[in-house]
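Trainee: Hey, dropping work_36.cif in here, mmCIF, C-alpha atoms:
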```cif
data_upload
#
loop_
_atom_site.group_PDB
_atom_site.id
_atom_site.type_symbol
_atom_site.label_atom_id
_atom_site.label_comp_id
_atom_site.auth_asym_id
_atom_site.auth_seq_id
_atom_site.Cartn_x
_atom_site.Cartn_y
_atom_site.Cartn_z
ATOM 1 C CA MET A 1 18.751 3.190 -8.490
ATOM 2 C CA PHE A 2 19.360 4.615 -5.035
ATOM 3 C CA LEU A 3 16.653 7.264 -5.451
ATOM 4 C CA LEU A 4 14.160 4.753 -6.815
ATOM 5 C CA ILE A 5 14.644 2.476 -3.800
ATOM 6 C CA LEU A 6 14.303 5.463 -1.496
ATOM 7 C CA LEU A 7 11.072 6.456 -3.282
ATOM 8 C CA PHE A 8 9.690 2.940 -2.816
ATOM 9 C CA ALA A 9 10.563 3.102 0.884
ATOM 10 C CA VAL A 10 8.763 6.437 1.310
ATOM 11 C CA VAL A 11 5.687 5.124 -0.531
ATOM 12 C CA ALA A 12 5.675 1.976 1.622
ATOM 13 C CA VAL A 13 5.799 4.085 4.800
ATOM 14 C CA ILE A 14 2.952 6.314 3.579
ATOM 15 C CA VAL A 15 0.825 3.265 2.727
ATOM 16 C CA ALA A 16 1.644 1.728 6.129
ATOM 17 C CA VAL A 17 0.534 4.869 7.967
ATOM 18 C CA GLY A 18 -2.657 5.052 5.910
ATOM 19 C CA LEU A 19 -3.508 1.393 6.495
ATOM 20 C CA CYS A 20 -2.737 1.713 10.188
ATOM 21 C CA GLY A 21 -5.086 4.681 10.459
ATOM 22 C CA TYR A 22 -7.825 2.879 8.522
ATOM 23 C CA GLY A 23 -7.477 -0.318 10.552
ATOM 24 C CA GLY A 24 -7.414 1.497 13.874
ATOM 25 C CA ARG A 25 -10.392 3.651 12.922
ATOM 26 C CA THR A 26 -12.376 0.637 11.703
ATOM 27 C CA LEU A 27 -11.795 -1.271 14.917
ATOM 28 C CA SER A 28 -12.421 1.707 17.205
ATOM 29 C CA ASP A 29 -15.573 2.906 15.410
ATOM 30 C CA HIS A 30 -17.313 -0.428 15.757
ATOM 31 C CA GLY A 31 -15.741 -1.611 18.996
ATOM 32 C CA LEU A 32 -14.318 -5.093 19.161
ATOM 33 C CA ARG A 33 -17.196 -6.533 21.176
ATOM 34 C CA ARG A 34 -20.039 -4.987 19.166
ATOM 35 C CA ALA A 35 -18.488 -5.245 15.719
ATOM 36 C CA GLY A 36 -19.494 -7.955 13.323
ATOM 37 C CA ALA A 37 -17.026 -10.279 11.656
ATOM 38 C CA PRO A 38 -16.633 -8.167 8.485
ATOM 39 C CA ALA A 39 -15.563 -5.053 10.405
ATOM 40 C CA VAL A 40 -13.103 -6.936 12.603
ATOM 41 C CA LEU A 41 -11.630 -8.752 9.611
ATOM 42 C CA ARG A 42 -11.290 -5.467 7.687
ATOM 43 C CA GLY A 43 -9.524 -3.838 10.621
ATOM 44 C CA VAL A 44 -7.184 -6.775 11.187
ATOM 45 C CA ALA A 45 -6.443 -6.971 7.451
ATOM 46 C CA ALA A 46 -5.554 -3.285 7.335
ATOM 47 C CA LEU A 47 -3.291 -3.530 10.390
ATOM 48 C CA ALA A 48 -1.553 -6.625 9.000
ATOM 49 C CA GLY A 49 -1.080 -4.825 5.680
ATOM 50 C CA ALA A 50 0.384 -1.849 7.544
ATOM 51 C CA GLY A 51 2.835 -4.143 9.301
ATOM 52 C CA ALA A 52 3.839 -5.749 5.999
ATOM 53 C CA CYS A 53 4.417 -2.337 4.373
ATOM 54 C CA ALA A 54 6.415 -1.069 7.341
ATOM 55 C CA LEU A 55 8.656 -4.154 7.391
ATOM 56 C CA TYR A 56 9.147 -3.944 3.619
ATOM 57 C CA ALA A 57 10.187 -0.297 4.008
ATOM 58 C CA TRP A 58 12.663 -1.366 6.708
ATOM 59 C CA GLY A 59 14.152 -3.920 4.319
ATOM 60 C CA LEU A 60 14.270 -1.332 1.535
ATOM 61 C CA LEU A 61 16.297 0.958 3.776
ATOM 62 C CA ALA A 62 18.800 -1.863 4.341
ATOM 63 C CA VAL A 63 19.038 -2.413 0.575
ATOM 64 C CA CYS A 64 19.364 1.341 0.080
ATOM 65 C CA GLY A 65 22.368 1.384 2.395
ATOM 66 C CA ALA A 66 23.982 -1.508 0.512
ATOM 67 C CA VAL A 67 23.428 0.229 -2.847
ATOM 68 C CA MET A 68 24.834 3.474 -1.488
ATOM 69 C CA THR A 69 27.942 1.665 -0.278
ATOM 70 C CA ALA A 70 28.317 -0.245 -3.552
ATOM 71 C CA GLU A 71 28.006 2.883 -5.700
ATOM 72 C CA ASP A 72 30.581 4.773 -3.668
ATOM 73 C CA GLY A 73 33.487 5.166 -6.083
ATOM 74 C CA GLY A 74 37.115 5.872 -5.456
ATOM 75 C CA THR A 75 39.930 3.755 -4.199
ATOM 76 C CA ASP A 76 39.030 0.379 -2.773
ATOM 77 C CA SER A 77 35.697 0.323 -4.623
ATOM 78 C CA SER A 78 36.241 -2.857 -6.618
ATOM 79 C CA PRO A 79 34.763 -5.265 -5.763
ATOM 80 C CA PRO A 80 31.862 -3.351 -4.214
ATOM 81 C CA ARG A 81 32.221 -3.203 -0.443
ATOM 82 C CA SER A 82 28.647 -4.434 -0.020
ATOM 83 C CA CYS A 83 29.652 -7.697 -1.732
ATOM 84 C CA ARG A 84 32.664 -8.345 0.499
ATOM 85 C CA THR A 85 31.102 -10.980 2.662
ATOM 86 C CA ALA A 86 32.838 -13.811 4.474
ATOM 87 C CA GLY A 87 34.793 -15.884 1.996
ATOM 88 C CA TRP A 88 35.032 -13.361 -0.813
ATOM 89 C CA SER A 89 38.839 -13.246 -0.657
ATOM 90 C CA GLU A 90 39.013 -17.061 -0.960
ATOM 91 C CA ARG A 91 36.805 -16.934 -4.047
ATOM 92 C CA HIS A 92 39.020 -14.169 -5.437
ATOM 93 C CA GLN A 93 42.114 -16.350 -4.978
ATOM 94 C CA GLN A 94 40.347 -19.148 -6.893
ATOM 95 C CA GLY A 95 39.778 -16.754 -9.812
ATOM 96 C CA ILE A 96 36.116 -16.057 -9.152
ATOM 97 C CA GLU A 97 35.544 -12.314 -9.279
ATOM 98 C CA ILE A 98 32.567 -10.206 -8.235
ATOM 99 C CA VAL A 99 31.413 -8.588 -11.473
ATOM 100 C CA ASP A 100 28.121 -6.861 -10.665
ATOM 101 C CA TYR A 101 25.231 -6.582 -8.256
ATOM 102 C CA LYS A 102 21.470 -6.293 -8.511
ATOM 103 C CA VAL A 103 18.569 -5.542 -6.251
ATOM 104 C CA THR A 104 15.735 -8.041 -6.013
ATOM 105 C CA TYR A 105 12.410 -6.708 -4.812
ATOM 106 C CA VAL A 106 10.618 -10.038 -4.253
ATOM 107 C CA PRO A 107 12.185 -11.449 -2.140
ATOM 108 C CA LEU A 108 13.894 -8.303 -1.020
ATOM 109 C CA GLY A 109 17.666 -8.529 -1.194
ATOM 110 C CA PHE A 110 20.993 -7.244 -2.483
ATOM 111 C CA VAL A 111 22.493 -9.897 -4.790
ATOM 112 C CA CYS A 112 26.147 -9.964 -5.865
ATOM 113 C CA GLU A 113 26.945 -11.646 -9.183
ATOM 114 C CA THR A 114 30.205 -13.536 -9.778
ATOM 115 C CA SER A 115 32.285 -14.187 -12.890
ATOM 116 C CA ASP A 116 31.435 -17.901 -12.920
ATOM 117 C CA GLY A 117 27.728 -17.100 -13.440
ATOM 118 C CA GLY A 118 26.754 -17.568 -9.812
ATOM 119 C CA SER A 119 25.270 -15.113 -7.406
ATOM 120 C CA TYR A 120 24.728 -14.750 -3.679
ATOM 121 C CA ASP A 121 22.769 -12.533 -1.324
ATOM 122 C CA ASN A 122 25.041 -10.403 0.822
ATOM 123 C CA GLY A 123 22.758 -10.611 3.870
ATOM 124 C CA ASP A 124 22.175 -6.888 4.417
ATOM 125 C CA VAL A 125 18.416 -7.392 4.612
ATOM 126 C CA PRO A 126 17.650 -8.900 8.042
ATOM 127 C CA GLY A 127 16.594 -12.523 7.832
ATOM 128 C CA TYR A 128 13.200 -11.922 9.440
ATOM 129 C CA VAL A 129 12.021 -9.311 6.908
ATOM 130 C CA ASN A 130 11.012 -11.479 3.940
ATOM 131 C CA PRO A 131 9.197 -14.206 5.935
ATOM 132 C CA ALA A 132 7.425 -11.615 8.096
ATOM 133 C CA VAL A 133 6.329 -9.589 5.061
ATOM 134 C CA LEU A 134 4.992 -12.780 3.469
ATOM 135 C CA GLY A 135 3.143 -13.807 6.634
ATOM 136 C CA LEU A 136 1.633 -10.383 7.250
ATOM 137 C CA GLY A 137 0.725 -10.000 3.582
ATOM 138 C CA LEU A 138 -1.070 -13.346 3.551
ATOM 139 C CA THR A 139 -2.839 -12.405 6.791
ATOM 140 C CA ALA A 140 -3.955 -9.110 5.237
ATOM 141 C CA ALA A 141 -5.176 -10.830 2.079
ATOM 142 C CA GLY A 142 -6.976 -13.513 4.089
ATOM 143 C CA GLY A 143 -8.643 -10.908 6.290
ATOM 144 C CA ALA A 144 -9.774 -8.848 3.297
ATOM 145 C CA ILE A 145 -11.134 -11.901 1.476
ATOM 146 C CA GLY A 146 -12.808 -13.174 4.647
ATOM 147 C CA SER A 147 -14.402 -9.783 5.241
ATOM 148 C CA GLY A 148 -15.812 -9.718 1.728
ATOM 149 C CA TYR A 149 -17.098 -13.270 2.090
ATOM 150 C CA ALA A 150 -18.744 -12.543 5.449
ATOM 151 C CA SER A 151 -20.365 -9.390 4.020
ATOM 152 C CA GLU A 152 -21.671 -11.355 1.045
ATOM 153 C CA LEU A 153 -23.133 -14.064 3.278
ATOM 154 C CA ARG A 154 -24.827 -11.425 5.426
ATOM 155 C CA ALA A 155 -26.260 -9.644 2.363
ATOM 156 C CA ARG A 156 -27.618 -12.910 0.938
ATOM 157 C CA ALA A 157 -29.233 -13.811 4.274
ATOM 158 C CA GLU A 158 -30.903 -10.378 4.477
ATOM 159 C CA SER A 159 -32.083 -10.698 0.883
ATOM 160 C CA ARG A 160 -33.681 -14.085 1.645
ATOM 161 C CA ARG A 161 -35.364 -12.627 4.729
ATOM 162 C CA GLY A 162 -36.668 -9.721 2.663
ATOM 163 C CA ARG A 163 -38.203 -11.986 0.032
ATOM 164 C CA ALA A 164 -39.754 -14.284 2.624
ATOM 165 C CA GLY A 165 -41.416 -11.473 4.577
#
```
Translate the structure described by the file into structure tokens.

Mentor:
Amino acid sequence: MFLLILLFAVVAVIVAVGLCGYGGRTLSDHGLRRAGAPAVLRGVAALAGAGACALYAWGLLAVCGAVMTAEDGGTDSSPPRSCRTAGWSERHQQGIEIVDYKVTYVPLGFVCETSDGGSYDNGDVPGYVNPAVLGLGLTAAGGAIGSGYASELRARAESRRGRAG
């Protein structure tokens, strides 16, 4: 699982760099003052998507560290050290044991499962990552959809002008 998470992080970084390059090139080729709405929206969408990918990769690295710590065997490895959050010893004294862990990708997190059927996030992923990824992702999607809509409106207006003239 560790290598898969690391692969996802590398892919997210590569996509972020590519989107950043595309967004920067789109905005610089047209110039912000001379560019039409579709070009600006495409550039902003690509930069927002790059930010979302970069933040997701940052969160994946935090999860990767938690998985690496949890899979470290040897003495003092049960319960997994990544699951030893505040209050875990009190739950242990009540008979509630930590039995397993899992990684959730949406929202990103490292979740510890307990013997009573409950689960909790250990908090290794910074609290700002998931909301920021959601916000930047929605901004990217909105910019891409808005760019397509603006391009379609422009094409329809030019088509009407062509038929009229």

Trainee: To test your reading of the syntax: which residues would the PyMOL selection byres ((chain A and resi 101) around 9) return for the file shown? Reply as a ChimeraX atom specification.

Mentor: /A:67,70,80,83,98-100,102-103,110-114,119

Trainee: Smallest atom-to-atom distance to Val44 (chain A): which of A:Thr69, A:Gly162, A:Ala132, A:Ala140, using all atoms listed in the file?

Mentor: A:Ala140

Trainee: Which residues fall under the PyMOL selection byres ((chain A and resi 2) around 7) in this file, as a ChimeraX atom specification?

Mentor: /A:1,3-6,64,67-68

Trainee: Using all atoms listed in the file, can you tell me which of A:Ser115, A:Asn122, A:Ser159, A:Ser147 comes closest to Ala86 (chain A)?

Mentor: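 Of all the options, A:Asn122 lies closest to Ala86 (chain A).
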
Trainee: Apply the PyMOL selection byres ((chain A and resi 15-30) around 9) to the structure shown and report the selected residues as a ChimeraX atom specification.

Mentor: /A:10-14,31-36,39-40,42-54

Trainee: Quick one: of A:Gly87, A:Leu108, A:Ala164, A:Ala144, who's nearest to Pro131 (chain A), counting only C-alpha atoms?

Mentor: A:Leu108

Trainee: Can you work out the spacing between CA of Pro126 (chain A) and CA of Trp58 (chain A) in Å, to one decimal?

Mentor: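 These two atoms are separated by 9.1 Å.
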
Trainee: What's the separation between CA of Ala150 (chain A) and CA of Leu134 (chain A), in Å to one decimal place?

Mentor: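 Going from CA of Ala150 (chain A) over to CA of Leu134 (chain A) covers 23.8 Å.
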
Trainee: Provide the CA of Asp124 (chain A) to CA of Ala66 (chain A) distance in Å, to one decimal place.

Mentor: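 Between these atoms lies a distance of 6.9 Å.
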
Trainee: Counting all atoms listed in the file, which residue out of A:Gly137, A:Gly118, A:Pro38, A:Gly95 sits closest to Tyr149 (chain A)?

Mentor: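 Closest candidate: A:Pro38.
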